[in-house]
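Reproduced below: protein_7.txt, with compact mmCIF, C-alpha atoms and all ligand atoms.
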# COMPACT_ATOMS: atom_id res chain seq x y z
CA MET A 1260 -9.69 -18.75 -6.78
CA LYS A 1261 -10.43 -15.23 -5.56
CA ILE A 1262 -10.28 -12.37 -8.03
CA ILE A 1263 -9.23 -9.04 -6.55
CA CYS A 1264 -9.43 -5.94 -8.70
CA VAL A 1265 -7.71 -2.75 -7.55
CA ALA A 1266 -9.52 0.21 -9.06
CA ASN A 1267 -10.64 3.81 -8.70
CA GLN A 1268 -11.86 6.38 -11.17
CA LYS A 1269 -8.67 8.33 -10.75
CA GLY A 1270 -5.20 7.96 -12.16
CA GLY A 1271 -2.12 7.96 -9.97
CA ILE A 1272 -3.90 7.03 -6.75
CA GLY A 1273 -1.69 4.06 -5.86
CA LYS A 1274 -3.38 1.10 -7.55
CA SER A 1275 -0.29 -0.49 -9.07
CA THR A 1276 1.73 0.16 -5.92
CA LEU A 1277 -0.87 -1.54 -3.71
CA ILE A 1278 -0.87 -4.58 -6.01
CA THR A 1279 2.91 -5.02 -5.81
CA VAL A 1280 2.80 -4.75 -2.00
CA LEU A 1281 0.02 -7.32 -1.61
CA ALA A 1282 0.98 -9.72 -4.40
CA GLY A 1283 4.63 -9.88 -3.34
CA ALA A 1284 3.84 -10.63 0.29
CA LEU A 1285 0.98 -13.08 -0.36
CA ALA A 1286 3.09 -15.04 -2.86
CA ALA A 1287 6.56 -14.94 -1.28
CA ASP A 1288 5.65 -15.07 2.42
CA TYR A 1289 2.12 -16.44 2.78
CA GLY A 1290 2.49 -19.17 0.15
CA TYR A 1291 -0.44 -18.32 -2.11
CA ARG A 1292 -0.26 -19.09 -5.82
CA VAL A 1293 -0.67 -15.56 -7.15
CA LEU A 1294 -1.25 -14.18 -10.63
CA VAL A 1295 -1.15 -10.48 -11.43
CA VAL A 1296 -3.03 -9.49 -14.56
CA ASP A 1297 -1.88 -6.16 -15.97
CA ALA A 1298 -4.92 -4.93 -17.90
CA ASP A 1299 -3.83 -1.29 -17.91
CA SER A 1300 -2.63 -0.15 -21.33
CA GLN A 1301 0.10 1.85 -19.56
CA GLN A 1302 1.55 -1.57 -18.64
CA THR A 1303 3.12 -0.25 -15.44
CA LEU A 1304 3.65 -3.62 -13.77
CA ALA A 1305 4.56 -5.52 -16.94
CA GLY A 1306 7.03 -2.72 -17.65
CA VAL A 1307 8.57 -2.93 -14.18
CA ARG A 1308 9.12 -6.66 -14.57
CA LEU A 1309 10.85 -6.12 -17.91
CA THR A 1310 13.06 -3.24 -16.78
CA ASN A 1311 13.56 -2.44 -13.05
CA ASP A 1312 13.35 -6.09 -12.08
CA GLN A 1313 16.19 -7.15 -14.33
CA PRO A 1314 19.41 -7.80 -12.40
CA SER A 1315 21.56 -5.28 -14.21
CA VAL A 1316 19.58 -2.26 -13.02
CA ASP A 1317 19.51 -2.89 -9.30
CA LEU A 1318 22.42 -1.31 -7.50
CA GLU A 1319 22.05 -3.37 -4.34
CA ARG A 1320 22.00 -6.60 -6.29
CA GLU A 1321 25.01 -5.52 -8.31
CA ALA A 1322 26.83 -4.81 -5.08
CA GLY A 1323 25.87 -8.31 -3.91
CA THR A 1324 23.95 -7.12 -0.84
CA LEU A 1325 20.58 -8.36 -2.03
CA ALA A 1326 19.96 -11.92 -3.20
CA GLU A 1327 17.81 -12.36 -6.27
CA PRO A 1328 14.92 -14.73 -5.65
CA ALA A 1329 12.85 -16.08 -8.53
CA PHE A 1330 9.75 -14.05 -9.31
CA PRO A 1331 7.25 -15.03 -6.60
CA TYR A 1332 4.18 -14.65 -8.81
CA ALA A 1333 3.14 -14.86 -12.43
CA LEU A 1334 2.38 -11.64 -14.29
CA GLU A 1335 0.46 -11.50 -17.55
CA SER A 1336 -0.61 -8.63 -19.79
CA VAL A 1337 -4.21 -9.10 -20.87
CA GLY A 1338 -6.53 -6.62 -22.62
CA MET A 1339 -9.53 -5.40 -20.60
CA GLY A 1340 -11.95 -7.24 -22.90
CA GLN A 1341 -10.12 -10.58 -22.58
CA VAL A 1342 -9.55 -10.81 -18.81
CA TYR A 1343 -12.20 -13.41 -18.00
CA ASP A 1344 -11.57 -15.52 -21.11
CA ARG A 1345 -7.98 -15.81 -19.91
CA LEU A 1346 -8.92 -16.48 -16.27
CA ASP A 1347 -11.34 -19.24 -17.35
CA GLU A 1348 -8.41 -21.02 -18.98
CA ILE A 1349 -6.16 -20.93 -15.91
CA SER A 1350 -8.49 -20.82 -12.92
CA ASP A 1351 -7.12 -24.03 -11.36
CA ASP A 1352 -3.55 -22.75 -11.31
CA TYR A 1353 -3.94 -19.85 -8.85
CA ASP A 1354 -5.40 -19.10 -5.43
CA VAL A 1355 -5.60 -15.36 -5.93
CA VAL A 1356 -5.56 -13.09 -8.95
CA PHE A 1357 -4.97 -9.34 -8.78
CA ILE A 1358 -6.15 -7.24 -11.71
CA ASP A 1359 -4.54 -3.85 -12.37
CA VAL A 1360 -6.91 -1.72 -14.44
CA PRO A 1361 -6.63 1.73 -16.07
CA GLY A 1362 -7.20 4.91 -14.08
CA ARG A 1363 -10.30 6.00 -15.96
CA SER A 1364 -13.22 3.72 -15.70
CA ASP A 1365 -16.35 4.71 -17.53
CA ASP A 1366 -16.52 2.17 -20.33
CA THR A 1367 -18.35 -1.14 -20.39
CA ALA A 1368 -15.16 -3.22 -20.37
CA MET A 1369 -14.33 -1.72 -16.96
CA ILE A 1370 -17.80 -2.49 -15.62
CA ASP A 1371 -17.48 -6.08 -16.84
CA VAL A 1372 -14.06 -6.53 -15.21
CA LEU A 1373 -15.29 -5.09 -11.89
CA SER A 1374 -18.48 -7.14 -11.96
CA GLY A 1375 -16.56 -10.39 -12.36
CA ALA A 1376 -14.27 -9.74 -9.39
CA ASN A 1377 -14.86 -11.14 -5.90
CA VAL A 1378 -13.27 -8.12 -4.23
CA VAL A 1379 -12.65 -4.58 -5.46
CA LEU A 1380 -10.07 -2.65 -3.45
CA VAL A 1381 -10.42 1.10 -3.86
CA PRO A 1382 -7.33 3.13 -2.94
CA VAL A 1383 -8.60 6.33 -1.36
CA GLY A 1384 -6.56 9.52 -1.43
CA ALA A 1385 -6.88 12.58 0.77
CA SER A 1386 -7.12 15.38 -1.80
CA ASP A 1387 -10.42 16.91 -2.94
CA ALA A 1388 -9.92 15.68 -6.52
CA GLU A 1389 -9.33 12.15 -5.24
CA ARG A 1390 -12.39 12.34 -3.04
CA LEU A 1391 -14.62 13.48 -5.91
CA ALA A 1392 -13.43 10.59 -8.07
CA THR A 1393 -14.08 8.16 -5.22
CA ILE A 1394 -17.64 9.44 -4.75
CA SER A 1395 -18.63 8.74 -8.36
CA PHE A 1396 -16.80 5.41 -8.37
CA MET A 1397 -18.66 4.37 -5.23
CA GLN A 1398 -22.01 4.77 -6.98
CA LEU A 1399 -20.85 2.34 -9.66
CA LEU A 1400 -19.65 -0.18 -7.06
CA GLN A 1401 -22.87 0.04 -5.07
CA GLU A 1402 -24.83 -0.71 -8.24
CA ILE A 1403 -22.62 -3.70 -9.09
CA SER A 1404 -22.96 -4.89 -5.50
CA ARG A 1405 -26.76 -4.67 -5.68
CA LEU A 1406 -26.86 -6.67 -8.93
CA SER A 1407 -24.42 -9.26 -7.54
CA ARG A 1408 -26.55 -9.73 -4.44
CA GLU A 1409 -29.62 -10.34 -6.60
CA GLN A 1410 -27.69 -12.98 -8.53
CA GLY A 1411 -26.14 -14.53 -5.42
CA LEU A 1412 -22.59 -13.66 -6.54
CA ASP A 1413 -19.63 -13.28 -4.18
CA PHE A 1414 -18.80 -9.56 -4.52
CA GLN A 1415 -17.39 -7.15 -1.94
CA PHE A 1416 -15.60 -3.82 -2.09
CA PHE A 1417 -13.39 -1.98 0.38
CA GLY A 1418 -11.66 1.38 0.54
CA VAL A 1419 -7.94 1.25 1.35
CA HIS A 1420 -6.35 4.40 2.64
CA SER A 1421 -3.05 4.74 0.90
CA HIS A 1422 -1.89 8.29 1.28
CA ARG A 1423 -2.11 9.14 4.95
CA THR A 1424 0.62 11.25 6.43
CA ASN A 1425 -0.66 12.37 9.82
CA LEU A 1426 -3.33 11.69 12.41
CA LYS A 1427 -5.60 14.56 11.37
CA GLU A 1428 -5.61 13.27 7.79
CA GLU A 1429 -6.32 9.72 9.03
CA LYS A 1430 -9.32 10.90 10.99
CA ASP A 1431 -10.62 13.03 8.09
CA MET A 1432 -10.28 10.18 5.64
CA ASP A 1433 -11.98 7.65 7.90
CA GLU A 1434 -14.89 10.05 8.38
CA PHE A 1435 -15.11 10.71 4.64
CA THR A 1436 -15.17 6.99 3.78
CA ASP A 1437 -17.68 6.16 6.48
CA ALA A 1438 -19.98 9.02 5.41
CA LEU A 1439 -19.89 7.64 1.86
CA GLY A 1440 -20.88 4.20 3.06
CA LEU A 1441 -17.69 2.78 1.58
CA PRO A 1442 -16.63 -0.22 3.67
CA ARG A 1443 -12.94 0.13 4.47
CA LEU A 1444 -10.08 -2.00 5.62
CA GLN A 1445 -8.77 -0.99 9.04
CA ALA A 1446 -5.26 -1.55 7.76
CA SER A 1447 -3.75 1.02 5.41
CA LEU A 1448 -0.55 1.99 3.64
CA ARG A 1449 1.20 5.11 4.73
CA GLN A 1450 2.73 7.52 2.27
CA LEU A 1451 6.37 6.44 2.45
CA GLY A 1452 9.40 6.69 0.20
CA CYS A 1453 9.98 2.92 0.32
CA TYR A 1454 6.72 2.32 -1.58
CA LYS A 1455 7.94 4.45 -4.45
CA ARG A 1456 10.31 1.67 -5.45
CA LEU A 1457 8.11 -0.65 -7.54
CA SER A 1458 9.29 -4.24 -7.69
CA THR A 1459 7.52 -7.36 -8.90
CA ARG A 1460 10.31 -9.54 -7.46
CA TYR A 1461 10.63 -8.54 -3.80
CA SER A 1462 8.25 -8.59 -0.86
CA TYR A 1463 8.29 -5.93 1.86
CA LEU A 1464 8.29 -8.84 4.29
CA ASN A 1465 11.82 -9.67 3.09
CA PRO A 1466 14.20 -7.94 5.58
CA ALA A 1467 17.01 -7.57 3.02
CA TYR A 1468 14.66 -5.82 0.61
CA ARG A 1469 13.38 -3.56 3.36
CA ARG A 1470 16.95 -2.59 4.17
CA ALA A 1471 17.67 -1.94 0.48
CA VAL A 1472 14.69 0.43 0.11
CA GLY A 1473 15.12 2.12 3.48
CA ALA A 1474 11.99 0.68 5.11
CA ASP A 1475 11.97 0.27 8.88
CA ALA A 1476 10.30 -2.48 10.92
CA SER A 1477 7.01 -0.59 11.04
CA VAL A 1478 6.65 -1.30 7.30
CA GLU A 1479 6.71 -5.03 8.00
CA ALA A 1480 3.91 -4.63 10.54
CA GLU A 1481 1.90 -2.42 8.18
CA VAL A 1482 2.16 -4.82 5.22
CA ARG A 1483 1.41 -7.85 7.39
CA ALA A 1484 -1.67 -6.17 8.84
CA LEU A 1485 -2.91 -5.33 5.35
CA CYS A 1486 -2.38 -8.92 4.10
CA ASP A 1487 -3.95 -10.47 7.20
CA GLU A 1488 -7.03 -8.30 6.94
CA LEU A 1489 -7.43 -8.93 3.21
CA ILE A 1490 -7.09 -12.69 3.78
CA ALA A 1491 -9.79 -12.57 6.45
CA ARG A 1492 -12.20 -10.25 4.65
CA ALA A 1493 -11.86 -11.87 1.22
CA GLY A 1494 -12.09 -15.40 2.62
CA LEU A 1495 -8.65 -16.30 1.31
CA THR A 1496 -7.92 -18.69 4.17
CA ALA A 1497 -9.99 -21.37 2.49
CA GLU A 1498 -8.12 -20.88 -0.78
CA LEU A 1499 -4.79 -21.75 0.79
CA VAL A 1500 -6.10 -24.91 2.43
CA SER A 1501 -7.68 -26.27 -0.77
N1 LIG B 1 1.81 4.38 -0.22
C1 LIG B 1 2.57 5.14 -1.04
N2 LIG B 1 3.62 5.82 -0.53
C2 LIG B 1 4.39 6.60 -1.34
N3 LIG B 1 4.18 6.78 -2.65
C3 LIG B 1 3.15 6.12 -3.22
C4 LIG B 1 2.29 5.27 -2.46
N4 LIG B 1 1.35 4.76 -3.29
C5 LIG B 1 1.62 5.27 -4.51
N5 LIG B 1 2.69 6.10 -4.47
C6 LIG B 1 3.26 6.88 -5.59
O1 LIG B 1 2.19 7.56 -6.24
C7 LIG B 1 2.35 7.51 -7.64
C8 LIG B 1 1.17 6.81 -8.28
O2 LIG B 1 1.14 5.47 -7.81
P1 LIG B 1 0.66 4.27 -8.74
O3 LIG B 1 1.42 4.23 -10.02
O4 LIG B 1 0.67 3.06 -7.88
O5 LIG B 1 -0.83 4.74 -9.03
P2 LIG B 1 -1.88 4.17 -10.07
O6 LIG B 1 -3.21 4.44 -9.47
O7 LIG B 1 -1.55 2.78 -10.43
O8 LIG B 1 -1.63 5.13 -11.32
P3 LIG B 1 -2.19 4.96 -12.80
O9 LIG B 1 -3.62 5.37 -12.76
O10 LIG B 1 -1.32 5.87 -13.59
O11 LIG B 1 -2.04 3.50 -13.17
C9 LIG B 1 3.68 6.80 -7.90
O12 LIG B 1 4.67 7.76 -8.03
C10 LIG B 1 3.88 5.97 -6.65
O13 LIG B 1 5.23 5.72 -6.39
MG MG B 2 -1.22 1.91 -12.28

Is it possible to give me this structure as structure tokens?
Amino acid sequence: MKIICVANQKGGIGKSTLITVLAGALAADYGYRVLVVDADSQQTLAGVRLTNDQPSVDLEREAGTLAEPAFPYALESVGMGQVYDRLDEISDDYDVVFIDVPGRSDDTAMIDVLSGANVVLVPVGASDAERLATISFMQLLQEISRLSREQGLDFQFFGVHSHRTNLKEEKDMDEFTDALGLPRLQASLRQLGCYKRLSTRYSYLNPAYRRAVGADASVEAEVRALCDELIARAGLTAELVS
């Protein structure tokens, strides 16, 4: 089981969105047994499952243009201090676990959750405020990485660019991340309206869902590239075989 935590020391940077994109595709299309742990007291993802993802609120489903598959992955609300007690109980049931954590991250519970992960994905934004938050968060991750190496633990972290809108911004952000020494995924998520629709039921690799949220074919390629790279970098291939 690989544990993937999506975190940054900044609220509203796209953590929960990135989890729904990855978890939906890995579970519904790649066949992984996925669990999403919502450890953020805002309960964004747990809330989406209880409200938006109910049949009565989706116009396309009401109109009968979008079938309603079963939820492709499990989703549990767990307090920050209880995450690993819970994962110890269920580790045989899942191939990959995503943990959604709060936006601010300076307490010990956050350090414990990050330290126990195999991969930390850090959504990186383009604004100065987002960059400053990423710089201080990076120092924490580098320290955890150093300690994990000493203890022989499987720990990696990667920046994921999630708010790019044009080529100049892409180049700037790549240079910023590289100068920081933050390893980054080559794949990224563009800033697009279709990602503003949060769903814990549908995958962006589902053509009917893409049509319903106004996503074109380039979204399929983008999401697939992100999943493929995460699978390769996190060593998830072995998980699926086992
Ligand atoms: N790739 C994207 N394209 C368009 N909008 C996005 C994208 N990623 C995130 N957003 C939007 O940015 C806002 C914040 O995203 P999200 O809730 O995922 O961030 P977060 O880091 O989980 O926030 P919080 O710290 O409050 O939990 C939301 O309105 C979301 O729809
Ligand atoms: Mg969130």

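Nearest residue to ligand LIG 1 (chain B), choosing from A:Asp1413, A:Asp1299, A:Glu1389, A:Asp1431 and counting all atoms listed in the file: A:Asp1299.
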
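Ranking A:Leu1380, A:Val1296, A:Val1360, A:Leu1325 by their shortest atom-to-atom distance to ligand MG 2 (chain B), with all atoms listed in the file included, puts A:Val1360 first.
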
(request) Just give me the gap between CA of Phe1416 (chain A) and CA of Gln1398 (chain A) in Å, one decimal is fine. (result) 11.8 Å

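Nearest-residue note for ligand LIG 1 (chain B): choosing from A:Asp1371, A:Asp1433, A:Asp1297, A:Asp1387, the minimum distance belongs to A:Asp1297, counting all atoms listed in the file.
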
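Closest approach to ligand LIG 1 (chain B) among A:Gln1415, A:Ser1275, A:Asn1465, A:Thr1459 is made by A:Ser1275 (distances from all atoms listed in the file).
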
(message) Quick one: residues within 7 Å of Val1295 (chain A), only C-alpha atoms, excluding same-chain residues fewer than 3 positions away - as an MDAnalysis selection string?
(response) chainID A and resid 1333:1335 1356:1358

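The point (-26.4, 0.3, -14.0) has these residues within 12 Å of it when all atoms listed in the file are used: Asp1365, Asp1366, Thr1367, Ile1370, Asp1371, Ser1374, Gln1398, Leu1399, Leu1400, Gln1401, Glu1402, Ile1403, Ser1404, Arg1405, Leu1406 and Ser1407 of chain A.
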
(message) Taking all atoms listed in the file into account, which residues have an atom no farther than 9 Å from ligand LIG 1 (chain B)? I'd like them as a VMD selection string.
(response) chain A and resid 1265 to 1279 1299 to 1304 1359 to 1363 1382 1420 to 1423 1447 to 1457

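Residue nearest Tyr1468 (chain A) within the list A:Val1280, A:Ala1326, A:Asp1437, A:Ala1305: A:Ala1326 [criterion: smallest interatomic distance, all atoms listed in the file].
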
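Interatomic distance, CA of Thr1496 (chain A) against CA of Ile1349 (chain A): 20.3 Å.
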
(request) Please work out which residues fall within 12 Å of (8.9, -10.0, -1.9), coordinates as given in the file, with all atoms listed in the file counting, and return them as a PyMOL selection string. (result) chain A and resi 1278-1290+1312+1325-1332+1457-1469+1479+1482

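Taking all atoms listed in the file into account, Arg1390 (chain A) lies nearest to A:Glu1434 out of the set A:Glu1434, A:Asp1344, A:Asp1487, A:Glu1498.
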
Which centre and edge lengths in Å to one decimal define the box along x, y and z that fits every listed atom of region 1391-1402 of chain A plus 3 Å per side, as JSON?
{"center_x": -19.1, "center_y": 6.4, "center_z": -7.2, "size_x": 17.4, "size_y": 20.2, "size_z": 10.9}
